[in-house]
file structure27.txt (compact mmCIF, C-alpha atoms)
# COMPACT_ATOMS: atom_id res chain seq x y z
CA MET A 1 3.96 13.61 21.35
CA GLU A 2 3.22 10.42 19.45
CA ILE A 3 5.27 9.81 16.33
CA THR A 4 3.18 10.14 13.17
CA ASP A 5 2.58 7.36 10.67
CA GLU A 6 4.50 9.32 8.04
CA GLU A 7 7.53 9.58 10.33
CA LEU A 8 7.41 5.84 10.95
CA VAL A 9 7.35 5.25 7.20
CA ARG A 10 10.36 7.52 6.77
CA LYS A 11 12.24 5.73 9.55
CA TYR A 12 11.49 2.34 8.01
CA LEU A 13 12.74 3.50 4.61
CA GLU A 14 15.92 4.66 6.33
CA GLY A 15 16.45 1.13 7.62
CA ASP A 16 14.61 0.98 10.93
CA GLU A 17 12.59 -2.26 10.69
CA LYS A 18 11.03 -1.68 14.09
CA ALA A 19 9.20 1.31 12.61
CA PHE A 20 7.18 -0.99 10.36
CA GLY A 21 6.44 -3.17 13.36
CA ASP A 22 5.03 -0.09 15.08
CA LEU A 23 2.85 0.68 12.08
CA PHE A 24 1.65 -2.90 12.05
CA ASN A 25 0.69 -2.73 15.72
CA ARG A 26 -1.19 0.51 15.17
CA TYR A 27 -3.38 -0.87 12.43
CA LYS A 28 -3.71 -4.61 13.01
CA ASN A 29 -6.75 -4.27 15.29
CA ARG A 30 -8.52 -1.97 12.84
CA LEU A 31 -7.67 -3.82 9.66
CA TYR A 32 -8.63 -7.25 10.91
CA PRO A 33 -12.22 -6.50 12.01
CA TYR A 34 -12.71 -4.42 8.88
CA LEU A 35 -11.71 -7.41 6.74
CA VAL A 36 -13.82 -9.86 8.69
CA SER A 37 -16.83 -7.57 8.36
CA ILE A 38 -16.53 -7.24 4.58
CA CYS A 39 -15.31 -10.75 3.81
CA LEU A 40 -17.60 -12.51 6.31
CA ASP A 41 -15.11 -15.36 6.11
CA LYS A 42 -12.33 -15.74 8.65
CA THR A 43 -9.92 -17.61 6.36
CA LEU A 44 -10.28 -15.11 3.57
CA ALA A 45 -9.98 -12.20 6.00
CA GLU A 46 -6.73 -13.65 7.37
CA ASP A 47 -5.33 -14.15 3.85
CA ILE A 48 -6.11 -10.59 2.88
CA PHE A 49 -4.78 -9.36 6.24
CA GLN A 50 -1.39 -10.88 5.48
CA GLU A 51 -1.38 -9.84 1.86
CA THR A 52 -2.24 -6.24 2.78
CA PHE A 53 0.77 -5.81 5.04
CA ILE A 54 3.06 -7.59 2.59
CA LYS A 55 1.93 -5.31 -0.24
CA ALA A 56 2.17 -2.29 2.06
CA VAL A 57 5.82 -2.95 2.86
CA GLU A 58 6.60 -3.55 -0.83
CA LYS A 59 4.90 -0.30 -1.82
CA LEU A 60 6.27 1.83 1.02
CA PRO A 61 9.06 3.27 -1.15
CA SER A 62 6.36 4.79 -3.37
CA TYR A 63 4.13 6.00 -0.51
CA ARG A 64 3.54 9.75 -0.56
CA SER A 65 2.98 11.55 2.71
CA GLU A 66 0.29 13.78 1.15
CA ASN A 67 -1.98 10.75 1.43
CA LYS A 68 -3.02 9.72 4.91
CA PHE A 69 -1.37 6.41 5.78
CA SER A 70 -4.59 4.88 7.11
CA SER A 71 -6.47 5.67 3.90
CA TRP A 72 -3.57 4.30 1.86
CA LEU A 73 -3.42 1.06 3.84
CA PHE A 74 -7.16 0.45 3.72
CA ALA A 75 -7.19 1.21 0.00
CA ILE A 76 -4.65 -1.59 -0.47
CA ALA A 77 -6.83 -3.95 1.59
CA ARG A 78 -9.94 -2.97 -0.32
CA ASN A 79 -8.29 -3.49 -3.71
CA ILE A 80 -7.08 -6.95 -2.72
CA PHE A 81 -10.59 -7.77 -1.53
CA LEU A 82 -12.12 -6.58 -4.81
CA ASP A 83 -9.56 -8.53 -6.85
CA ARG A 84 -10.36 -11.67 -4.90
CA LYS A 85 -14.06 -11.06 -5.37
CA LYS A 86 -13.60 -10.68 -9.10
CA SER A 87 -11.51 -13.81 -9.48
CA SER A 88 -13.54 -16.02 -7.21
CA LYS A 89 -15.88 -18.43 -8.99
CA GLU A 90 -17.40 -19.77 -5.83
CA LYS A 91 -20.12 -18.11 -3.88
CA PHE A 92 -18.21 -15.35 -2.19
CA PHE A 93 -20.07 -14.78 1.00
CA GLN A 94 -20.10 -17.96 3.10
CA ALA A 95 -22.15 -18.49 6.24
CA ALA A 96 -20.79 -15.98 8.74
CA LEU A 97 -21.42 -18.37 11.57
CA SER A 98 -18.41 -20.43 10.37
CA ILE A 99 -16.39 -17.96 12.42
CA PHE A 100 -18.04 -19.31 15.57
CA SER A 101 -18.80 -22.93 14.74
CA SER A 102 -15.43 -24.54 15.54
CA GLY A 103 -15.47 -23.26 19.10
CA ASP A 104 -11.88 -22.18 18.47
CA ASP A 105 -11.21 -18.66 19.64
CA ASP A 106 -8.08 -18.37 17.54
CA GLY A 107 -8.46 -15.18 15.54
CA PHE A 108 -11.63 -14.15 17.26
CA SER A 109 -11.96 -12.58 20.66
CA PRO A 110 -15.44 -11.32 21.38
CA VAL A 111 -14.62 -10.71 25.02
CA ASP A 112 -12.19 -8.23 26.39
CA THR A 113 -12.89 -7.96 30.09
CA ALA A 114 -11.67 -10.26 32.85
CA ALA A 115 -15.15 -10.60 34.36
CA GLU A 116 -16.64 -11.73 31.08
CA LYS A 117 -13.81 -14.20 30.55
CA ASP A 118 -14.58 -15.85 33.91
CA ASN A 119 -18.26 -16.30 33.09
CA PRO A 120 -18.87 -18.89 30.36
CA GLN A 121 -22.50 -17.91 29.99
CA THR A 122 -21.56 -14.30 29.37
CA ILE A 123 -19.04 -15.42 26.78
CA LEU A 124 -21.70 -17.53 25.11
CA ASP A 125 -24.23 -14.68 25.17
CA SER A 126 -21.64 -12.33 23.72
CA LYS A 127 -20.80 -14.81 20.98
CA GLU A 128 -24.47 -15.26 20.15
CA GLU A 129 -24.95 -11.51 19.93
CA SER A 130 -21.95 -11.24 17.66
CA ALA A 131 -23.25 -14.11 15.53
CA LYS A 132 -26.55 -12.27 15.05
CA LEU A 133 -24.72 -9.09 14.13
CA ILE A 134 -22.54 -10.85 11.59
CA LYS A 135 -25.55 -12.60 10.10
CA ALA A 136 -27.36 -9.28 9.85
CA MET A 137 -24.25 -7.70 8.25
CA GLU A 138 -24.22 -10.49 5.69
CA ASN A 139 -27.72 -9.51 4.60
CA LEU A 140 -26.78 -5.89 3.94
CA PRO A 141 -26.17 -4.62 0.42
CA PRO A 142 -22.38 -4.69 -0.15
CA GLU A 143 -22.04 -0.90 -0.44
CA GLN A 144 -23.77 -0.34 2.92
CA ARG A 145 -21.73 -3.07 4.61
CA GLU A 146 -18.53 -1.60 3.24
CA ILE A 147 -19.29 1.91 4.53
CA ILE A 148 -20.16 0.56 7.98
CA SER A 149 -16.98 -1.53 7.99
CA LEU A 150 -14.83 1.41 6.92
CA ARG A 151 -16.31 3.80 9.46
CA HIS A 152 -16.75 1.56 12.45
CA PHE A 153 -13.99 -1.02 12.16
CA ALA A 154 -11.39 0.69 10.02
CA GLY A 155 -11.95 4.00 11.78
CA LEU A 156 -11.84 6.15 8.68
CA SER A 157 -13.80 9.40 8.87
CA PHE A 158 -16.74 9.94 6.53
CA LYS A 159 -14.61 12.46 4.65
CA GLU A 160 -11.83 9.87 4.15
CA ILE A 161 -14.35 7.21 3.14
CA ALA A 162 -15.86 9.59 0.58
CA GLU A 163 -12.40 10.35 -0.85
CA ASN A 164 -11.38 6.69 -0.92
CA LEU A 165 -14.56 5.56 -2.65
CA ASN A 166 -14.84 8.70 -4.77
CA ILE A 167 -18.37 9.46 -3.62
CA PRO A 168 -19.92 12.55 -1.98
CA ILE A 169 -19.82 12.66 1.82
CA GLY A 170 -23.62 12.84 1.83
CA THR A 171 -23.80 9.57 -0.08
CA ALA A 172 -21.41 7.89 2.37
CA LEU A 173 -23.49 9.13 5.30
CA ALA A 174 -26.76 8.09 3.68
CA ARG A 175 -25.49 4.57 2.92
CA PHE A 176 -24.22 4.26 6.48
CA SER A 177 -27.51 5.40 8.00
CA ARG A 178 -29.58 3.13 5.76
CA GLY A 179 -27.23 0.26 6.56
CA ILE A 180 -27.60 0.81 10.28
CA GLU A 181 -31.38 0.96 9.86
CA LYS A 182 -31.37 -2.40 8.02
CA LEU A 183 -28.96 -3.87 10.57
CA LYS A 184 -31.26 -2.84 13.38
CA LYS A 185 -34.24 -4.41 11.63
CA GLY A 186 -32.26 -7.57 10.80
CA ILE A 187 -31.18 -8.11 14.40
CA LYS A 188 -34.71 -7.48 15.62
CA ASP A 189 -36.12 -10.05 13.17
CA MET A 190 -33.71 -12.67 14.54
CA GLN A 191 -34.90 -12.26 18.11
CA MET B 192 -39.78 6.28 8.09
CA SER B 193 -36.35 7.35 9.32
CA CYS B 194 -35.65 10.54 11.19
CA PRO B 195 -34.03 13.32 9.13
CA ASN B 196 -31.59 13.91 11.99
CA THR B 197 -30.23 10.35 12.05
CA GLU B 198 -27.22 11.28 9.93
CA LYS B 199 -26.35 14.09 12.34
CA ALA B 200 -26.76 11.69 15.25
CA VAL B 201 -24.30 9.35 13.53
CA LEU B 202 -21.81 12.19 13.01
CA LEU B 203 -22.16 13.15 16.67
CA HIS B 204 -21.49 9.56 17.76
CA TYR B 205 -18.25 9.51 15.80
CA GLY B 206 -17.19 12.98 16.86
CA GLU B 207 -17.56 14.46 13.38
CA LEU B 208 -20.45 16.82 14.02
CA PRO B 209 -19.60 20.54 14.16
CA PHE B 210 -19.44 21.66 17.78
CA SER B 211 -22.16 24.26 17.25
CA GLN B 212 -24.75 21.53 16.59
CA LYS B 213 -23.64 19.15 19.35
CA GLU B 214 -26.02 20.27 22.08
CA GLU B 215 -29.05 20.39 19.79
CA ILE B 216 -28.51 16.85 18.45
CA GLU B 217 -27.72 15.43 21.90
CA SER B 218 -31.09 16.72 23.10
CA HIS B 219 -32.76 15.36 19.98
CA ILE B 220 -31.33 11.84 20.45
CA LYS B 221 -32.76 11.74 23.98
CA ALA B 222 -36.21 12.51 22.58
CA CYS B 223 -36.10 10.49 19.34
CA PRO B 224 -36.50 6.67 19.58
CA GLN B 225 -35.28 6.18 16.00
CA CYS B 226 -32.03 8.06 16.49
CA ALA B 227 -31.50 6.46 19.88
CA ALA B 228 -31.98 3.00 18.34
CA ALA B 229 -29.53 3.82 15.54
CA ILE B 230 -26.85 4.83 18.06
CA GLU B 231 -27.57 1.69 20.09
CA THR B 232 -27.11 -0.46 16.95
CA ILE B 233 -23.80 1.23 16.16
CA SER B 234 -22.61 0.67 19.72
CA GLY B 235 -23.64 -2.98 19.37
CA LEU B 236 -21.06 -3.39 16.60
CA ASP B 237 -18.43 -3.07 19.30
CA SER B 238 -19.51 -6.42 20.67
CA MET B 239 -17.92 -8.08 17.66
CA ARG B 240 -14.45 -7.13 19.02
CA LEU B 241 -12.54 -9.06 16.41
CA VAL B 242 -8.77 -9.17 16.85
CA PRO B 243 -6.11 -11.11 14.96
CA SER B 244 -4.59 -14.10 16.72
CA ALA B 245 -1.00 -14.03 17.94
CA SER B 246 0.03 -16.61 15.33
CA LEU B 247 -1.56 -14.59 12.52
CA GLU B 248 0.29 -11.49 13.72
CA ARG B 249 3.60 -13.33 13.88
CA ILE B 250 3.25 -14.93 10.43
CA THR B 251 2.16 -11.66 8.87
CA LEU B 252 5.12 -9.74 10.28
CA GLU B 253 7.57 -12.44 9.19
CA LYS B 254 6.24 -12.40 5.64
CA ALA B 255 6.12 -8.61 5.53
CA PHE B 256 9.73 -8.26 6.69
CA ALA B 257 10.84 -10.92 4.18
CA ALA B 258 9.04 -9.00 1.42
CA GLY B 259 10.73 -5.80 2.53
CA HIS B 260 14.18 -7.29 2.00
CA LYS B 261 13.64 -7.88 -1.69
CA PHE B 262 15.13 -5.24 -3.93
CA SER B 263 12.70 -2.62 -5.03
CA LEU B 264 12.15 -1.78 -8.67
CA ARG B 265 13.98 1.50 -8.20
CA GLU B 266 17.00 -0.31 -6.77
CA LYS B 267 16.98 -2.74 -9.70
CA VAL B 268 16.81 0.10 -12.21
CA LEU B 269 19.66 1.93 -10.46
CA ALA B 270 21.78 -1.23 -10.41
CA ALA B 271 21.13 -1.82 -14.11
CA GLY B 272 22.06 1.77 -14.87
CA LEU B 273 25.29 1.46 -12.89
CA CYS B 274 26.26 -1.72 -14.75
CA PHE B 275 25.57 -0.01 -18.04
CA ALA B 276 27.69 2.99 -17.05
CA LEU B 277 30.58 0.72 -16.01
CA ALA B 278 30.32 -1.11 -19.31
CA LEU B 279 30.55 2.19 -21.16
CA LEU B 280 33.62 3.16 -19.16
CA PHE B 281 35.62 -0.05 -19.22
CA VAL B 282 34.34 -2.51 -21.80
CA ILE B 283 33.29 -0.60 -24.90
CA PRO B 284 36.45 1.57 -25.20
CA LYS B 285 38.61 -1.62 -25.37
CA ASN B 286 36.76 -2.74 -28.51
CA GLN B 287 37.33 0.45 -30.36
CA PRO B 288 40.33 0.70 -32.67
CA ALA B 289 43.24 2.63 -31.32
CA PRO B 290 42.96 6.19 -32.39
CA SER B 291 45.03 7.03 -35.37
CA PHE B 292 48.22 8.59 -34.23
CA TYR B 293 48.18 10.81 -37.25
CA GLN B 294 45.29 12.97 -38.32
CA ASP B 295 44.22 13.31 -41.92
CA SER B 296 45.72 16.79 -42.04
CA ASP B 297 49.08 15.33 -40.97
CA PHE B 298 49.11 12.92 -43.91
CA THR B 299 48.07 15.72 -46.22
CA ALA B 300 51.09 17.70 -45.07
CA VAL B 301 53.35 14.65 -45.41
CA GLU B 302 51.97 13.86 -48.84
CA SER B 303 52.52 17.42 -49.87
CA GLU B 304 56.17 17.37 -48.75
CA ILE B 305 56.78 14.03 -50.45
CA SER B 306 55.24 15.40 -53.66
CA ALA B 307 57.57 18.37 -53.34
CA ILE B 308 60.61 16.05 -53.69
CA LYS B 309 58.94 14.38 -56.66
CA TYR B 310 58.12 11.13 -55.01
CA ASP B 311 54.82 9.26 -54.59
CA MET B 312 53.97 8.34 -51.03
CA ALA B 313 52.88 4.93 -52.23
CA ASP B 314 56.49 4.20 -53.21
CA PHE B 315 57.81 4.92 -49.76
CA SER B 316 58.85 2.11 -47.49
CA ASP B 317 57.66 2.11 -43.88
CA SER B 318 60.95 3.45 -42.61
CA ALA B 319 61.02 6.12 -45.31
CA LEU B 320 57.49 7.11 -44.43
CA ASP B 321 58.38 7.30 -40.72
CA TYR B 322 61.31 9.55 -41.61
CA ALA B 323 59.07 11.75 -43.76
CA ILE B 324 56.48 12.03 -40.98
CA SER B 325 59.13 12.94 -38.39
CA CYS B 326 60.37 15.70 -40.70
CA VAL B 327 56.90 17.13 -41.06
CA ASP B 328 56.38 16.94 -37.28
CA ALA B 329 59.66 18.74 -36.71
CA GLY B 330 58.80 21.30 -39.35
CA GLU B 331 61.83 20.30 -41.43
CA LYS B 332 62.14 19.66 -45.14
CA ILE B 333 62.46 16.05 -46.23
CA ASP B 334 66.04 15.24 -47.33
CA LYS B 335 65.68 13.48 -50.62
CA GLU B 336 69.05 11.80 -50.11
CA ALA B 337 68.03 10.44 -46.72
CA VAL B 338 64.89 8.86 -48.21

call {"tool": "encode", "arguments": {"input": "structure27.txt", "output": "structure tokens"}}
result
Amino acid sequence: MEITDEELVRKYLEGDEKAFGDLFNRYKNRLYPYLVSICLDKTLAEDIFQETFIKAVEKLPSYRSENKFSSWLFAIARNIFLDRKKSSKEKFFQAALSIFSSGDDDGFSPVDTAAEKDNPQTILDSKEESAKLIKAMENLPPEQREIISLRHFAGLSFKEIAENLNIPIGTALARFSRGIEKLKKGIKDMQ
Amino acid sequence: MSCPNTEKAVLLHYGELPFSQKEEIESHIKACPQCAAAIETISGLDSMRLVPSASLERITLEKAFAAGHKFSLREKVLAAGLCFALALLFVIPKNQPAPSFYQDSDFTAVESEISAIKYDMADFSDSALDYAISCVDAGEKIDKEAV
């Protein structure tokens, strides 16, 4: 039976550093895409990614197991994101295609099968598809983009999203559905 | 105009729809282009497949572990409390005057005995006063001749 997040937290607080490493590995691939999808800026997403885990380890002594660890971690990430948004004087949402423009795959891996890796054209097609998606995400209202990011990339349930954002589940669902509808239309308009 | 069942189709996709409605909505999605398109769009999000780089992971873990080694606020408060307690135990008592060996009631008794032999305690020398005090402690009368 897999060890729970709460048990890993307890082990870390008792001095087992590896336990935090395990928590990090569990959530890194959910937190990162979530941050990229709400920040739409790779550099900012990476900054907040680091800051989230740093703050998480500092706040672990005050973590209460009544709260689900995933919700707690993503709440930290979200608060950092909102603080940055508040303090930023520049235009916050930069062109999402900056993620793809350098041709550097560092921090971005759109391909995860061996066959696709061998075929440059498939990689290019996949990158183009992703670019369209990110562009379409950029055009969504922030509250719809956030719900989609939380559900699809962060993996929080609609119930957890509703609790985190202090909104009814119906509202979370409605924003998600409207967001998906707009996303669909946005991608179609780009073709 | 969107389909009223789109939200249920979304819940089904993420495994959050009550089991009792699963079959009905699955059939609906097959027959509804709008719901089918919504599910296809959601599935398309998977093509983004964003993962952190190895260097980002390494740097993040290093910084997080370094942050974890700093003392927490609770530890600082406990340490401050311990220092304060040690100060109370060892430092402050040294600054207090030595407790008077004799209580006020002792001097009252001594004064009374001295008055009984018609002397004023103020006239007593230190050695005479010591003698008088030792008499009172021993429960003996002060010998006027000895004073």

call {"tool": "atom_distance", "arguments": {"input": "structure27.txt", "atom1": "CA of Glu214 in chain B", "atom2": "CA of Ile230 in chain B"}}
result
16.0 Å

call {"tool": "closest_atom_pairs", "arguments": {"input": "structure27.txt", "of": "chain B", "to": "chain A", "cutoff": "6 Å", "atoms": "only C-alpha atoms", "output": "tab-separated table"}}
result
residue	atom	partner	partner_atom	distance
B:Thr232	CA	A:Lys184	CA	6.0
B:Met239	CA	A:Ser130	CA	5.1
B:Arg240	CA	A:Pro110	CA	4.9
B:Leu241	CA	A:Pro33	CA	5.1
B:Val242	CA	A:Asn29	CA	5.5
B:Pro243	CA	A:Gly107	CA	4.7
B:Ser244	CA	A:Gly107	CA	4.2
B:Thr251	CA	A:Gln50	CA	5.0
B:Ala255	CA	A:Ile54	CA	4.4
B:Gly259	CA	A:Val57	CA	5.7

call {"tool": "closest_residue", "arguments": {"input": "structure27.txt", "among": "A:Ala19, A:Ile38, A:Met1, A:Leu8", "to": "Asn139 in chain A", "atoms": "only C-alpha atoms"}}
result
A:Ile38

call {"tool": "axis_aligned_box", "arguments": {"input": "structure27.txt", "around": "range 148-153 of chain A", "padding_each_side": "3 Å", "output": "AutoDock Vina command-line options"}}
result
--center_x -17.1 --center_y 1.1 --center_z 9.7 --size_x 12.2 --size_y 11.3 --size_z 11.5

call {"tool": "atom_distance", "arguments": {"input": "structure27.txt", "atom1": "CA of Phe69 in chain A", "atom2": "CA of Arg249 in chain B"}}
result
21.9 Å

call {"tool": "atom_distance", "arguments": {"input": "structure27.txt", "atom1": "CA of Arg26 in chain A", "atom2": "CA of Pro142 in chain A"}}
result
26.7 Å

call {"tool": "residues_around", "arguments": {"input": "structure27.txt", "residues": "Ala227 in chain B", "least_positions_apart": "2", "cutoff": "12 Å", "atoms": "only C-alpha atoms", "output": "NGL selection string"}}
result
(:A and (180-181 or 184)) or (:B and (193-194 or 196-201 or 203-204 or 216-225 or 229-234))
